[in-house]
Every structure is written in structure tokens, then in C-alpha cells.
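S.K.: File start.txt follows (compact mmCIF, C-alpha atoms):
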```txt
# COMPACT_ATOMS: atom_id res chain seq x y z
CA MET A 18 21.16 99.30 34.96
CA LEU A 19 19.84 96.37 36.98
CA ILE A 20 22.66 94.91 39.09
CA ARG A 21 22.38 91.58 40.89
CA ILE A 22 24.97 90.14 43.27
CA ILE A 23 24.93 86.38 43.78
CA GLN A 24 27.24 83.95 45.51
CA GLY A 25 28.97 80.72 44.65
CA ILE A 26 28.67 78.03 42.07
CA ASP A 27 25.04 77.21 42.84
CA GLY A 28 24.04 80.77 42.07
CA VAL A 29 26.08 81.07 38.89
CA ARG A 30 24.53 78.00 37.30
CA ALA A 31 21.26 79.87 36.85
CA ALA A 32 22.80 83.23 35.91
CA GLN A 33 21.82 84.59 32.51
CA GLY A 34 22.77 87.60 30.41
CA VAL A 35 25.92 89.51 31.33
CA VAL A 36 27.84 87.83 34.14
CA VAL A 37 31.02 88.96 35.92
CA VAL A 38 32.64 86.14 37.88
CA ILE A 39 34.79 87.62 40.65
CA ASP A 40 37.75 85.91 42.29
CA VAL A 41 39.98 88.38 44.12
CA MET A 42 41.95 85.83 46.14
CA ARG A 43 43.29 84.86 43.76
CA ALA A 44 42.33 83.35 40.40
CA PHE A 45 41.37 86.44 38.46
CA THR A 46 44.02 88.58 40.07
CA THR A 47 46.51 85.92 38.94
CA ALA A 48 44.95 85.86 35.46
CA ALA A 49 45.41 89.62 35.12
CA TYR A 50 49.07 89.44 36.15
CA ALA A 51 49.57 86.56 33.70
CA PHE A 52 48.13 88.65 30.87
CA ASP A 53 50.41 91.49 31.90
CA ALA A 54 53.36 89.07 31.78
CA GLY A 55 52.57 88.38 28.12
CA LEU A 56 50.03 85.57 27.75
CA ALA A 57 47.79 85.98 24.70
CA ASP A 58 44.83 84.12 26.20
CA ILE A 59 43.97 81.84 29.11
CA GLU A 60 41.91 78.67 28.96
CA LEU A 61 39.79 78.09 32.07
CA VAL A 62 39.25 74.48 33.11
CA SER A 63 37.62 72.56 35.94
CA THR A 64 40.17 69.79 36.46
CA ALA A 65 43.89 69.19 36.35
CA GLU A 66 43.24 66.46 33.79
CA GLU A 67 41.68 68.99 31.44
CA ALA A 68 44.68 71.25 31.92
CA PHE A 69 47.12 68.48 31.00
CA ALA A 70 45.07 67.75 27.86
CA SER A 71 45.88 71.24 26.55
CA ASP A 72 49.19 72.82 25.68
CA GLY A 73 50.20 75.99 27.45
CA PHE A 74 51.53 77.59 30.62
CA ARG A 75 49.62 75.72 33.32
CA MET A 76 48.64 77.68 36.43
CA GLY A 77 46.44 76.93 39.40
CA GLU A 78 45.88 75.03 42.57
CA ILE A 79 44.07 72.25 44.36
CA GLY A 80 43.49 73.09 48.00
CA GLY A 81 45.55 76.21 47.45
CA ARG A 82 48.70 74.26 46.59
CA LEU A 83 50.65 73.97 43.36
CA ILE A 84 49.40 71.09 41.23
CA PRO A 85 52.25 68.66 40.49
CA GLY A 86 53.33 69.08 36.88
CA PHE A 87 51.97 72.62 36.60
CA ASP A 88 54.23 75.53 35.70
CA HIS A 89 52.87 77.92 38.31
CA ASN A 90 50.57 77.96 41.32
CA ASN A 91 47.87 80.59 41.93
CA SER A 92 50.13 83.41 43.09
CA PRO A 93 49.92 86.75 41.25
CA SER A 94 53.01 88.15 42.96
CA ARG A 95 55.17 85.29 41.68
CA LEU A 96 54.32 86.38 38.13
CA ILE A 97 55.81 89.84 38.52
CA GLY A 98 58.84 90.12 36.25
CA ARG A 99 58.02 86.92 34.34
CA LYS A 100 58.08 86.93 30.54
CA LEU A 101 55.35 84.69 29.16
CA ALA A 102 53.87 84.09 25.72
CA GLY A 103 51.18 82.04 24.05
CA ARG A 104 48.32 80.40 25.91
CA GLY A 105 47.87 79.92 29.62
CA ILE A 106 45.67 77.33 31.29
CA LEU A 107 44.12 78.04 34.68
CA ARG A 108 42.47 75.65 37.13
CA THR A 109 41.35 76.86 40.57
CA GLY A 110 38.91 75.79 43.23
CA SER A 111 36.41 78.64 42.92
CA GLY A 112 36.87 81.11 40.07
CA THR A 113 37.38 78.76 37.16
CA GLN A 114 34.72 76.39 38.49
CA CYS A 115 32.15 79.18 38.45
CA VAL A 116 33.07 80.32 34.95
CA VAL A 117 32.77 76.83 33.53
CA ALA A 118 29.44 76.34 35.36
CA ALA A 119 27.96 79.58 33.96
CA LYS A 120 26.51 77.80 30.96
CA GLN A 121 23.38 79.95 30.71
CA ALA A 122 25.28 83.23 30.65
CA GLY A 123 25.28 85.11 27.39
CA GLU A 124 28.42 87.10 28.18
CA ILE A 125 31.09 86.41 30.82
CA TRP A 126 33.82 88.63 32.24
CA LEU A 127 36.46 87.87 34.87
CA GLY A 128 36.46 90.27 37.80
CA SER A 129 38.97 91.40 40.42
CA LEU A 130 40.07 94.71 41.90
CA VAL A 131 43.08 95.01 39.60
CA VAL A 132 40.78 95.31 36.56
CA ALA A 133 37.69 96.79 38.24
CA SER A 134 37.43 100.12 36.44
CA ALA A 135 38.22 98.60 33.05
CA THR A 136 35.57 95.93 33.62
CA ALA A 137 33.01 98.56 34.59
CA ARG A 138 33.78 100.54 31.45
CA ALA A 139 33.43 97.43 29.31
CA ILE A 140 29.89 96.66 30.53
CA LYS A 141 28.58 100.13 31.38
CA ASP A 142 26.01 100.17 28.56
CA ARG A 143 24.37 96.83 29.44
CA ASP A 144 20.80 96.77 30.72
CA ALA A 145 21.50 94.22 33.46
CA VAL A 146 24.57 92.64 35.02
CA THR A 147 25.02 89.75 37.45
CA LEU A 148 28.09 89.94 39.71
CA VAL A 149 29.16 86.57 41.12
CA ALA A 150 31.21 86.24 44.32
CA SER A 151 32.85 82.96 43.43
CA GLY A 152 34.39 82.05 46.78
CA ALA A 153 31.16 81.58 48.73
CA PRO A 154 30.18 79.79 50.91
CA ASN A 155 33.51 78.58 52.30
CA GLU A 156 35.22 81.91 51.64
CA GLY A 157 34.43 84.87 49.43
CA GLU A 158 33.90 87.93 51.60
CA GLU A 159 36.60 89.61 49.51
CA ASP A 160 34.66 88.74 46.35
CA LEU A 161 31.51 90.29 47.79
CA ALA A 162 33.46 93.44 48.62
CA CYS A 163 34.73 93.59 45.03
CA ALA A 164 31.18 93.06 43.76
CA GLU A 165 30.00 96.03 45.82
CA TRP A 166 32.89 98.09 44.46
CA LEU A 167 32.00 97.17 40.88
CA ALA A 168 28.36 97.96 41.55
CA SER A 169 29.37 101.36 42.89
CA LEU A 170 31.35 102.05 39.71
CA LEU A 171 28.40 101.03 37.55
CA ASP A 172 25.64 102.94 39.30
CA GLY A 173 27.52 105.79 40.95
CA ARG A 174 26.96 104.75 44.56
CA PRO A 175 29.71 105.82 46.97
CA CYS A 176 32.02 103.07 48.17
CA ARG A 177 35.26 103.55 50.09
CA LYS A 178 38.45 101.86 48.87
CA ASP A 179 39.72 101.64 52.43
CA ASP A 180 36.68 99.59 53.41
CA VAL A 181 37.17 97.19 50.51
CA ILE A 182 40.87 96.78 51.31
CA ALA A 183 40.05 96.05 54.95
CA VAL A 184 37.65 93.29 53.93
CA VAL A 185 40.15 91.72 51.54
CA ARG A 186 43.01 91.80 54.03
CA GLY A 187 40.77 90.53 56.81
CA SER A 188 39.27 87.71 54.76
CA ARG A 189 39.61 84.01 55.46
CA ALA A 190 41.49 83.62 52.18
CA ALA A 191 43.98 86.31 53.16
CA ALA A 192 44.60 84.66 56.53
CA LYS A 193 46.32 81.72 54.80
CA HIS A 194 49.19 83.90 53.60
CA ARG A 195 52.43 83.71 55.54
CA PRO A 196 56.04 84.85 55.22
CA ARG A 197 58.17 82.38 53.22
CA GLU A 198 55.05 80.47 52.14
CA SER A 199 55.50 79.52 48.49
CA ASP A 200 51.83 78.86 47.71
CA TRP A 201 50.41 81.73 49.78
CA PRO A 202 53.04 84.50 49.76
CA LEU A 203 52.18 87.65 51.68
CA GLU A 204 52.95 89.72 48.59
CA ASP A 205 49.76 88.36 46.99
CA LEU A 206 47.73 90.58 49.31
CA ASP A 207 49.37 93.67 47.86
CA CYS A 208 48.62 92.44 44.35
CA ALA A 209 44.99 91.63 45.15
CA THR A 210 44.36 95.11 46.57
CA SER A 211 46.10 97.04 43.78
CA PHE A 212 43.02 98.80 42.44
CA ASP A 213 43.10 99.27 38.65
CA ALA A 214 46.65 98.02 38.26
CA PHE A 215 45.77 97.23 34.65
CA ASP A 216 43.80 99.06 31.98
CA PHE A 217 42.30 95.94 30.41
CA ALA A 218 39.26 93.81 31.18
CA MET A 219 39.10 90.03 30.70
CA LYS A 220 36.32 88.62 28.52
CA VAL A 221 35.47 84.95 28.18
CA GLU A 222 34.71 83.31 24.84
CA ARG A 223 33.54 79.79 24.06
CA GLN A 224 35.70 78.28 21.35
CA ALA A 225 35.13 74.72 20.09
CA GLY A 226 33.99 73.57 23.51
CA ARG A 227 36.76 75.39 25.34
CA THR A 228 36.44 78.38 27.68
CA ILE A 229 38.99 81.03 26.72
CA ALA A 230 39.63 84.40 28.38
CA LYS A 231 41.17 87.25 26.41
CA ARG A 232 42.11 90.72 27.51
CA VAL A 233 40.06 93.60 26.16
CA ILE A 234 40.91 97.29 26.43
CA PRO A 235 37.56 99.13 26.76
CA PRO A 236 36.99 102.73 25.67
```
Could I get this structure in the form of C-alpha cells?
M.R.:
Amino acid sequence: MLIRIIQGIDGVRAAQGVVVVIDVMRAFTTAAYAFDAGLADIELVSTAEEAFASDGFRMGEIGGRLIPGFDHNNSPSRLIGRKLAGRGILRTGSGTQCVVAAKQAGEIWLGSLVVASATARAIKDRDAVTLVASGAPNEGEEDLACAEWLASLLDGRPCRKDDVIAVVRGSRAAAKHRPRESDWPLEDLDCATSFDAFDFAMKVERQAGRTIAKRVIPP
């Protein structure tokens, strides 16, 4: 398998074939916890206006903060114990932007550490895969670490979990998290580094001009 690792929205615009867009802190960790809470699918959008034009459980952030009128911010830990149903809608500053911009991709998956092994199983028979660290250039070292971890799962290269965890917890994104901080709770770091917390992957489909993620349980 040919594996490419690219960074940021400029890189993803030209990406073709099978693309995994990675956002560890926190969009696609949050998406996984939202699926686990019961959502059937999640629409990914670029703007808050697009989110308000659709019906569903609205999640996301602008500048890391809860968007006024949304039901939830971008915190995975705040979804633990929630009971959700129907469609979610997610708008974030990096992950969803990259997914929407990946217009040349033939197949798109959402990547994070909590679904890493399931994602690798889902795409293991592909000839080539592009892994996108969505947070670059302003952040994203945790996304690069996840990309290296996924690459190691796909091609059998050794990669230490402890090293990946150290990068995530030492990242610029992680440094924003504080005790008693509603938009950046410290508990999100535990969620983001919970390797393979879920046995499903998250595949993106284009439906009538909309970008919809669904969970897929690979063999």
C-alpha cells in the first residue's frame, strides 16, 4: 500500500483516491463519541449558517468556543452519558473544513485515535491512502502523530502508543484545556488518547450536495 501523509486544507484540496481526514483535538474524537451516544449520522458543514439551515443536534465551535444557538460545543467528554438520536451537524475550524474541501477525493473517512484500528481495517485492502493532518499549520502535531500511528497499522511499522500520547498531550491544542473550562475541559485529553475506544469507523458520503458521515463496523 502506498501511504501519503499531508497537512492542512491546502494539501487536502488536491488529494485524490482514498482520504482519511484526521482531527484528534477534537472534531473526529467528538464525532465518534456522538455516534456512540446514539446519533445515526453526522452532517459536516463549513459554516454556522449551514448548520442552522439543517435540522439536527448541532455541535461545534468557532475559535474553540460554543457557537451561540448550538446544542453542544466540540467536547467529546461532555457527550459521555448523553442519549442522542437522529442526525447531528458538526462545524469546526479544521476537521470539517478539510472534509468539505476534499472535493477530489473518491472516498473519505474521518480519523482519530479512538477509531484508529477500525479505520485501518476498513481501508486495509486499498492500493493507496492519503492521511490528512487537518490541524496544520496553526496546530496539528497531534494529527500528524495519529497519521503515523495509522500508517503503522496499515504497513506494519512499529510505533509506540506512549510516544503518540506524549505528542497529543504536549500539543498546542491540548495546552488550551484547563480545569473548570467548559469549552476545553481537561477530560477531553483522556477521550482523545483513548486508543480504539470504539469498534466502528466513520465513512463520509455525499448526499444531495450534503456531506454526511456514518459509522461503519469493518470486518
S.K.: Using all atoms listed in the file, can you tell me which of A:Pro85, A:Gly112, A:Gly187, A:Gly73 comes closest to Val41 (chain A)?
M.R.: A:Gly112
S.K.: Could you tell me how far CA of Ser134 (chain A) lies from CA of Ala168 (chain A), in Å and to one decimal?
M.R.: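 Value for the CA of Ser134 (chain A)-CA of Ala168 (chain A) distance: 10.6 Å.
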S.K.: Please tabulate, as a tab-separated table, the residues of region 155-188 of chain A that come within 9 Å of region 123-130 of chain A, each with its closest pair of atoms and the distance in Å to one decimal, counting only C-alpha atoms and ordering rows by chain, then residue number upward.
M.R.:
```
residue	atom	partner	partner_atom	distance
A:Asp160	CA	A:Ser129	CA	7.8
A:Cys163	CA	A:Leu130	CA	6.3
A:Ala164	CA	A:Gly128	CA	8.4
A:Trp166	CA	A:Leu130	CA	8.3
A:Leu167	CA	A:Leu130	CA	8.5
```
S.K.: In terms of the shortest atom-to-atom distance over all atoms listed in the file, which of A:Thr64, A:Asn155, A:Ser111, A:Ser169 is closest to Ala137 (chain A)?
M.R.: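 For Ala137 (chain A), the nearest of the candidates is A:Ser169.
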S.K.: So that I can check the surroundings of Gly28 (chain A), please list as a PyMOL selection string every protein, DNA and RNA residue that reaches within 10 Å of it, counting all atoms listed in the file and ignoring chain neighbours fewer than 3 positions away.
M.R.: chain A and resi 22-25+31-32+115+118-119+149-151+153
S.K.: Go through A:Val132, A:Ala57, A:Ala70, A:Ile26 one by one, measure the shortest atom-to-atom distance of each to Gly103 (chain A) using all atoms listed in the file, and give the residue with the smallest value.
M.R.: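 Using all atoms listed in the file, Gly103 (chain A) sits closest to A:Ala57.
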S.K.: Work out how far apart CA of Ile182 (chain A) and CA of Ser211 (chain A) are and give it in Å to one decimal.
M.R.: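 Spanning CA of Ile182 (chain A) to CA of Ser211 (chain A) is a straight-line distance of 9.2 Å.
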S.K.: Pick out the closest residue to Leu101 (chain A) from this set: A:Ile79, A:Val146, A:Ile140, A:Ala51. Count all atoms listed in the file.
M.R.: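 Closest to Leu101 (chain A) of all the choices is A:Ala51.
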S.K.: Which of these, A:Ala209, A:Val181, A:Glu198, A:Arg138, has the shortest distance to Val233 (chain A) once you count only C-alpha atoms?
M.R.: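 Counting only C-alpha atoms, the residue closest to Val233 (chain A) is A:Arg138.
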S.K.: Go ahead and compute the interatomic distance for CA of Met76 (chain A) and CA of Ile106 (chain A), in Å to one decimal.
M.R.: 5.9 Å
S.K.: Of the residues A:Ala54, A:Glu60, A:Ala192, A:Gln121, which is the one nearest to Arg99 (chain A), using all atoms listed in the file?
M.R.: A:Ala54
S.K.: Residues within 12 Å of Ser92 (chain A), please, as a PyMOL selection string. Count only C-alpha atoms; anything in the same chain fewer than 4 positions from it doesn't count.
M.R.: chain A and resi 41-51+76-78+81-83+88+96-97+107+109+194+198-209
